[in-house]
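For reference, the structure is listed below as structure tokens.
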Amino acid sequence: MPILNLSITKQPDAERSKVIADRLSALTEEHLRKDPTITAVAIQHIDPRHWFAGGRSLAEQGRATFWLDIKVVDGSNTKSELSAWLEAVFVNLEELLGGVHHESYALVHEVPASAYGFGGRTQEFRFIAGRMKG
């Protein structure tokens, strides 16, 4: 049930967005064991003239960049899993966006199960309900 929020310095393109969303969902399943049927990906496009790195716009530098944040339940992944996911994200977004500036970022927010959920139920509730069934 993670949500991934991605900002990129590219013009909106529905086909590219679909490819990116599919790839991020697949990487999140592969490395973080998250179910792609309940993974959400939101992509925002920012004009590279309005994104600055090292004091110069990305348009001036002829580069692309991204900012990705993901929210997952605290403790649901190991440090090794998170590290592998971050590495795979950078490799894949470089491939999909091309010419990615080294100042591109990804952040994993690990949040308490009692404060995170979907469909009106927390992940903690889902865990407890699942345990009561078994």
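By order of appearance in the structure tokens: chains A, B, ..., then residues from 1 within every chain, and ligands from 1 in the order shown.
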Checklist entry - Can you list every residue in chain A that DSSP puts in strand (DSSP E), as a PyMOL selection string? => result chain A and resi 3-8+40-45+52-53+56-57+66-73+105-111+117-118+121-122
Could I get the residues of stretch 45-91 of chain A with an atom no further than 12 Å from an atom of stretch 14-30 of chain A, each paired with its nearest atom pair and that distance in Å to one decimal, using only C-alpha atoms, sorted by chain and residue number, as a tab-separated table?
residue	atom	partner	partner_atom	distance
A:His45	CA	A:Ser17	CA	9.7
A:Phe66	CA	A:Ile20	CA	11.9
A:Leu68	CA	A:Leu24	CA	10.2
A:Asp69	CA	A:Leu24	CA	11.5
A:Ile70	CA	A:Thr28	CA	9.7
A:Lys71	CA	A:Thr28	CA	11.2
A:Val72	CA	A:Thr28	CA	10.4
A:Asn77	CA	A:Thr28	CA	11.0
A:Glu81	CA	A:Glu30	CA	9.4
A:Leu82	CA	A:Thr28	CA	9.6
A:Ser83	CA	A:Thr28	CA	11.8
A:Ala84	CA	A:Leu27	CA	9.5
A:Trp85	CA	A:Leu27	CA	6.7
A:Leu86	CA	A:Leu27	CA	9.5
A:Glu87	CA	A:Leu27	CA	10.3
A:Ala88	CA	A:Leu27	CA	7.1
A:Val89	CA	A:Leu24	CA	7.2
A:Phe90	CA	A:Leu24	CA	10.5
A:Val91	CA	A:Leu27	CA	11.0
Next on the checklist: When you look at A:Gly117 with a cut-off of 12 Å (counting only C-alpha atoms), what residues show up, excluding the ones that are within fewer than 5 positions of it in the same chain? I need them as a PyMOL selection string.
Outcome noted: chain A and resi 1-3+38-39+71-73+111-112+122-127
Writer output for current selection, C-alpha atoms, as a PDB file, in the first residue's frame:
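After the write, selection_20.pdb holds the following:
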ATOM      1  CA  MET A   1       0.000   0.000   0.000  1.00  0.00           C
ATOM      2  CA  PRO A   2       2.792   2.400  -0.497  1.00  0.00           C
ATOM      3  CA  ILE A   3       2.283   5.689  -2.223  1.00  0.00           C
ATOM      4  CA  ILE A  38      -2.405  -1.513  -3.867  1.00  0.00           C
ATOM      5  CA  THR A  39       0.609   0.618  -4.810  1.00  0.00           C
ATOM      6  CA  LYS A  71       5.715   6.041   2.354  1.00  0.00           C
ATOM      7  CA  VAL A  72       5.911   2.550   3.865  1.00  0.00           C
ATOM      8  CA  VAL A  73       5.113   1.072   7.270  1.00  0.00           C
ATOM      9  CA  VAL A 111       5.657   5.684   9.233  1.00  0.00           C
ATOM     10  CA  PRO A 112       3.901   3.960  12.154  1.00  0.00           C
ATOM     11  CA  THR A 122      -4.902   1.601   9.392  1.00  0.00           C
ATOM     12  CA  GLN A 123      -2.245  -0.948   8.613  1.00  0.00           C
ATOM     13  CA  GLU A 124      -2.136  -1.767  12.320  1.00  0.00           C
ATOM     14  CA  PHE A 125      -5.855  -2.616  12.218  1.00  0.00           C
ATOM     15  CA  ARG A 126      -5.277  -4.855   9.182  1.00  0.00           C
ATOM     16  CA  PHE A 127      -2.404  -6.631  10.956  1.00  0.00           C
TER      17      PHE A 127
END
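Across the model, the gap from atom CA of A:Trp67 to atom CA of A:Ala106 is 5.8 Å.
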Checklist entry - Among stretch 27-88 of chain A, which ones does DSSP place in helix (DSSP H, G or I), written as a list in words? => result Leu27, Thr28, Glu29, Glu30, His31, Leu32, Pro36, Thr37, Ile38, Pro48, Arg49, His50, Leu58, Ala59, Glu60, Gln61, Lys79, Ser80, Glu81, Leu82, Ser83, Ala84, Trp85, Leu86, Glu87 and Ala88 of chain A
Which residues are close to A:Glu60, i.e. within 12 Å by only C-alpha atoms, leaving aside same-chain residues fewer than 2 positions away? Reply as a PDB file with all heavy atoms, in the first residue's frame.
ATOM      1  N   ASP A  47       8.539  22.249 -14.926  1.00  0.00           N
ATOM      2  CA  ASP A  47       9.321  22.860 -15.993  1.00  0.00           C
ATOM      3  C   ASP A  47      10.768  22.982 -15.526  1.00  0.00           C
ATOM      4  O   ASP A  47      11.036  23.534 -14.453  1.00  0.00           O
ATOM      5  CB  ASP A  47       8.737  24.240 -16.305  1.00  0.00           C
ATOM      6  CG  ASP A  47       9.366  24.909 -17.504  1.00  0.00           C
ATOM      7  OD1 ASP A  47      10.595  24.834 -17.669  1.00  0.00           O
ATOM      8  OD2 ASP A  47       8.621  25.538 -18.264  1.00  0.00           O
ATOM      9  N   PRO A  48      11.725  22.452 -16.294  1.00  0.00           N
ATOM     10  CA  PRO A  48      13.126  22.495 -15.862  1.00  0.00           C
ATOM     11  C   PRO A  48      13.676  23.916 -15.691  1.00  0.00           C
ATOM     12  O   PRO A  48      14.698  24.097 -15.045  1.00  0.00           O
ATOM     13  CB  PRO A  48      13.875  21.727 -16.955  1.00  0.00           C
ATOM     14  CG  PRO A  48      12.962  21.656 -18.105  1.00  0.00           C
ATOM     15  CD  PRO A  48      11.563  21.776 -17.580  1.00  0.00           C
ATOM     16  N   ARG A  49      12.983  24.905 -16.208  1.00  0.00           N
ATOM     17  CA  ARG A  49      13.405  26.297 -15.974  1.00  0.00           C
ATOM     18  C   ARG A  49      13.109  26.729 -14.544  1.00  0.00           C
ATOM     19  O   ARG A  49      13.622  27.750 -14.090  1.00  0.00           O
ATOM     20  CB  ARG A  49      12.681  27.245 -16.948  1.00  0.00           C
ATOM     21  CG  ARG A  49      13.050  26.996 -18.410  1.00  0.00           C
ATOM     22  CD  ARG A  49      12.215  27.834 -19.335  1.00  0.00           C
ATOM     23  NE  ARG A  49      10.799  27.450 -19.160  1.00  0.00           N
ATOM     24  CZ  ARG A  49       9.778  28.077 -19.722  1.00  0.00           C
ATOM     25  NH1 ARG A  49       9.976  29.128 -20.492  1.00  0.00           N
ATOM     26  NH2 ARG A  49       8.544  27.660 -19.524  1.00  0.00           N
ATOM     27  N   HIS A  50      12.301  25.943 -13.839  1.00  0.00           N
ATOM     28  CA  HIS A  50      11.897  26.284 -12.473  1.00  0.00           C
ATOM     29  C   HIS A  50      12.451  25.322 -11.430  1.00  0.00           C
ATOM     30  O   HIS A  50      12.008  25.307 -10.289  1.00  0.00           O
ATOM     31  CB  HIS A  50      10.363  26.324 -12.378  1.00  0.00           C
ATOM     32  CG  HIS A  50       9.754  27.333 -13.279  1.00  0.00           C
ATOM     33  ND1 HIS A  50       9.752  28.685 -13.004  1.00  0.00           N
ATOM     34  CD2 HIS A  50       9.171  27.189 -14.497  1.00  0.00           C
ATOM     35  CE1 HIS A  50       9.176  29.330 -13.999  1.00  0.00           C
ATOM     36  NE2 HIS A  50       8.809  28.453 -14.920  1.00  0.00           N
ATOM     37  N   TRP A  51      13.418  24.513 -11.809  1.00  0.00           N
ATOM     38  CA  TRP A  51      14.081  23.590 -10.880  1.00  0.00           C
ATOM     39  C   TRP A  51      15.566  23.906 -10.940  1.00  0.00           C
ATOM     40  O   TRP A  51      16.169  23.890 -12.009  1.00  0.00           O
ATOM     41  CB  TRP A  51      13.850  22.153 -11.305  1.00  0.00           C
ATOM     42  CG  TRP A  51      14.245  21.111 -10.284  1.00  0.00           C
ATOM     43  CD1 TRP A  51      15.409  21.041  -9.589  1.00  0.00           C
ATOM     44  CD2 TRP A  51      13.477  19.979  -9.904  1.00  0.00           C
ATOM     45  NE1 TRP A  51      15.424  19.931  -8.799  1.00  0.00           N
ATOM     46  CE2 TRP A  51      14.242  19.257  -8.968  1.00  0.00           C
ATOM     47  CE3 TRP A  51      12.229  19.486 -10.273  1.00  0.00           C
ATOM     48  CZ2 TRP A  51      13.786  18.084  -8.394  1.00  0.00           C
ATOM     49  CZ3 TRP A  51      11.790  18.320  -9.687  1.00  0.00           C
ATOM     50  CH2 TRP A  51      12.554  17.635  -8.751  1.00  0.00           C
ATOM     51  N   PHE A  52      16.153  24.184  -9.792  1.00  0.00           N
ATOM     52  CA  PHE A  52      17.542  24.635  -9.734  1.00  0.00           C
ATOM     53  C   PHE A  52      18.405  23.651  -8.951  1.00  0.00           C
ATOM     54  O   PHE A  52      17.994  23.123  -7.929  1.00  0.00           O
ATOM     55  CB  PHE A  52      17.614  26.022  -9.095  1.00  0.00           C
ATOM     56  CG  PHE A  52      16.923  27.071  -9.916  1.00  0.00           C
ATOM     57  CD1 PHE A  52      15.552  27.238  -9.834  1.00  0.00           C
ATOM     58  CD2 PHE A  52      17.649  27.860 -10.795  1.00  0.00           C
ATOM     59  CE1 PHE A  52      14.912  28.178 -10.619  1.00  0.00           C
ATOM     60  CE2 PHE A  52      17.012  28.806 -11.590  1.00  0.00           C
ATOM     61  CZ  PHE A  52      15.630  28.958 -11.502  1.00  0.00           C
ATOM     62  N   ALA A  53      19.593  23.422  -9.438  1.00  0.00           N
ATOM     63  CA  ALA A  53      20.584  22.591  -8.759  1.00  0.00           C
ATOM     64  C   ALA A  53      21.931  23.274  -8.943  1.00  0.00           C
ATOM     65  O   ALA A  53      22.307  23.630 -10.065  1.00  0.00           O
ATOM     66  CB  ALA A  53      20.610  21.185  -9.338  1.00  0.00           C
ATOM     67  N   GLY A  54      22.629  23.498  -7.854  1.00  0.00           N
ATOM     68  CA  GLY A  54      23.916  24.174  -7.939  1.00  0.00           C
ATOM     69  C   GLY A  54      23.784  25.615  -8.428  1.00  0.00           C
ATOM     70  O   GLY A  54      24.709  26.149  -9.042  1.00  0.00           O
ATOM     71  N   GLY A  55      22.622  26.223  -8.180  1.00  0.00           N
ATOM     72  CA  GLY A  55      22.426  27.628  -8.535  1.00  0.00           C
ATOM     73  C   GLY A  55      22.010  27.867  -9.985  1.00  0.00           C
ATOM     74  O   GLY A  55      21.826  29.013 -10.380  1.00  0.00           O
ATOM     75  N   ARG A  56      21.882  26.805 -10.781  1.00  0.00           N
ATOM     76  CA  ARG A  56      21.486  26.963 -12.184  1.00  0.00           C
ATOM     77  C   ARG A  56      20.276  26.078 -12.475  1.00  0.00           C
ATOM     78  O   ARG A  56      20.165  24.975 -11.942  1.00  0.00           O
ATOM     79  CB  ARG A  56      22.638  26.555 -13.103  1.00  0.00           C
ATOM     80  CG  ARG A  56      23.853  27.483 -12.970  1.00  0.00           C
ATOM     81  CD  ARG A  56      25.056  27.034 -13.793  1.00  0.00           C
ATOM     82  NE  ARG A  56      24.720  26.709 -15.171  1.00  0.00           N
ATOM     83  CZ  ARG A  56      25.204  25.656 -15.828  1.00  0.00           C
ATOM     84  NH1 ARG A  56      26.041  24.826 -15.235  1.00  0.00           N
ATOM     85  NH2 ARG A  56      24.866  25.423 -17.080  1.00  0.00           N
ATOM     86  N   SER A  57      19.425  26.567 -13.348  1.00  0.00           N
ATOM     87  CA  SER A  57      18.248  25.768 -13.675  1.00  0.00           C
ATOM     88  C   SER A  57      18.664  24.514 -14.431  1.00  0.00           C
ATOM     89  O   SER A  57      19.712  24.485 -15.098  1.00  0.00           O
ATOM     90  CB  SER A  57      17.253  26.579 -14.512  1.00  0.00           C
ATOM     91  OG  SER A  57      17.707  26.671 -15.850  1.00  0.00           O
ATOM     92  N   LEU A  58      17.827  23.499 -14.339  1.00  0.00           N
ATOM     93  CA  LEU A  58      18.091  22.266 -15.084  1.00  0.00           C
ATOM     94  C   LEU A  58      17.999  22.526 -16.579  1.00  0.00           C
ATOM     95  O   LEU A  58      18.700  21.882 -17.362  1.00  0.00           O
ATOM     96  CB  LEU A  58      17.121  21.156 -14.663  1.00  0.00           C
ATOM     97  CG  LEU A  58      17.519  20.335 -13.421  1.00  0.00           C
ATOM     98  CD1 LEU A  58      18.653  19.410 -13.718  1.00  0.00           C
ATOM     99  CD2 LEU A  58      17.750  21.142 -12.194  1.00  0.00           C
ATOM    100  N   GLY A  62      20.783  21.529 -19.253  1.00  0.00           N
ATOM    101  CA  GLY A  62      20.401  20.491 -20.200  1.00  0.00           C
ATOM    102  C   GLY A  62      20.264  19.125 -19.546  1.00  0.00           C
ATOM    103  O   GLY A  62      20.566  18.104 -20.150  1.00  0.00           O
ATOM    104  N   ARG A  63      19.823  19.120 -18.301  1.00  0.00           N
ATOM    105  CA  ARG A  63      19.710  17.884 -17.528  1.00  0.00           C
ATOM    106  C   ARG A  63      18.268  17.688 -17.067  1.00  0.00           C
ATOM    107  O   ARG A  63      17.486  18.627 -17.018  1.00  0.00           O
ATOM    108  CB  ARG A  63      20.612  17.927 -16.287  1.00  0.00           C
ATOM    109  CG  ARG A  63      22.073  18.255 -16.518  1.00  0.00           C
ATOM    110  CD  ARG A  63      22.794  17.199 -17.241  1.00  0.00           C
ATOM    111  NE  ARG A  63      22.846  15.989 -16.435  1.00  0.00           N
ATOM    112  CZ  ARG A  63      23.761  15.074 -16.568  1.00  0.00           C
ATOM    113  NH1 ARG A  63      24.708  15.213 -17.459  1.00  0.00           N
ATOM    114  NH2 ARG A  63      23.742  13.996 -15.822  1.00  0.00           N
ATOM    115  N   ALA A  64      17.968  16.478 -16.690  1.00  0.00           N
ATOM    116  CA  ALA A  64      16.698  16.152 -16.048  1.00  0.00           C
ATOM    117  C   ALA A  64      16.996  15.852 -14.585  1.00  0.00           C
ATOM    118  O   ALA A  64      18.149  15.614 -14.212  1.00  0.00           O
ATOM    119  CB  ALA A  64      16.061  14.936 -16.716  1.00  0.00           C
ATOM    120  N   HIS A 101      20.554  14.586 -13.542  1.00  0.00           N
ATOM    121  CA  HIS A 101      21.515  15.326 -12.716  1.00  0.00           C
ATOM    122  C   HIS A 101      21.835  14.505 -11.470  1.00  0.00           C
ATOM    123  O   HIS A 101      20.967  13.822 -10.926  1.00  0.00           O
ATOM    124  CB  HIS A 101      20.894  16.671 -12.322  1.00  0.00           C
ATOM    125  CG  HIS A 101      21.869  17.645 -11.783  1.00  0.00           C
ATOM    126  ND1 HIS A 101      22.345  17.582 -10.498  1.00  0.00           N
ATOM    127  CD2 HIS A 101      22.457  18.725 -12.351  1.00  0.00           C
ATOM    128  CE1 HIS A 101      23.183  18.591 -10.288  1.00  0.00           C
ATOM    129  NE2 HIS A 101      23.279  19.292 -11.401  1.00  0.00           N
TER     130      HIS A 101
END
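If only C-alpha atoms are the atoms counted, then among A:Ala40, A:Ala115, A:Ala129, A:Leu97 the closest residue to A:Asp13 is A:Leu97.
Considering only C-alpha atoms, the residue among A:Ile46, A:Val100, A:Ala59, A:Val108 positioned nearest to A:Thr9 is A:Ile46.
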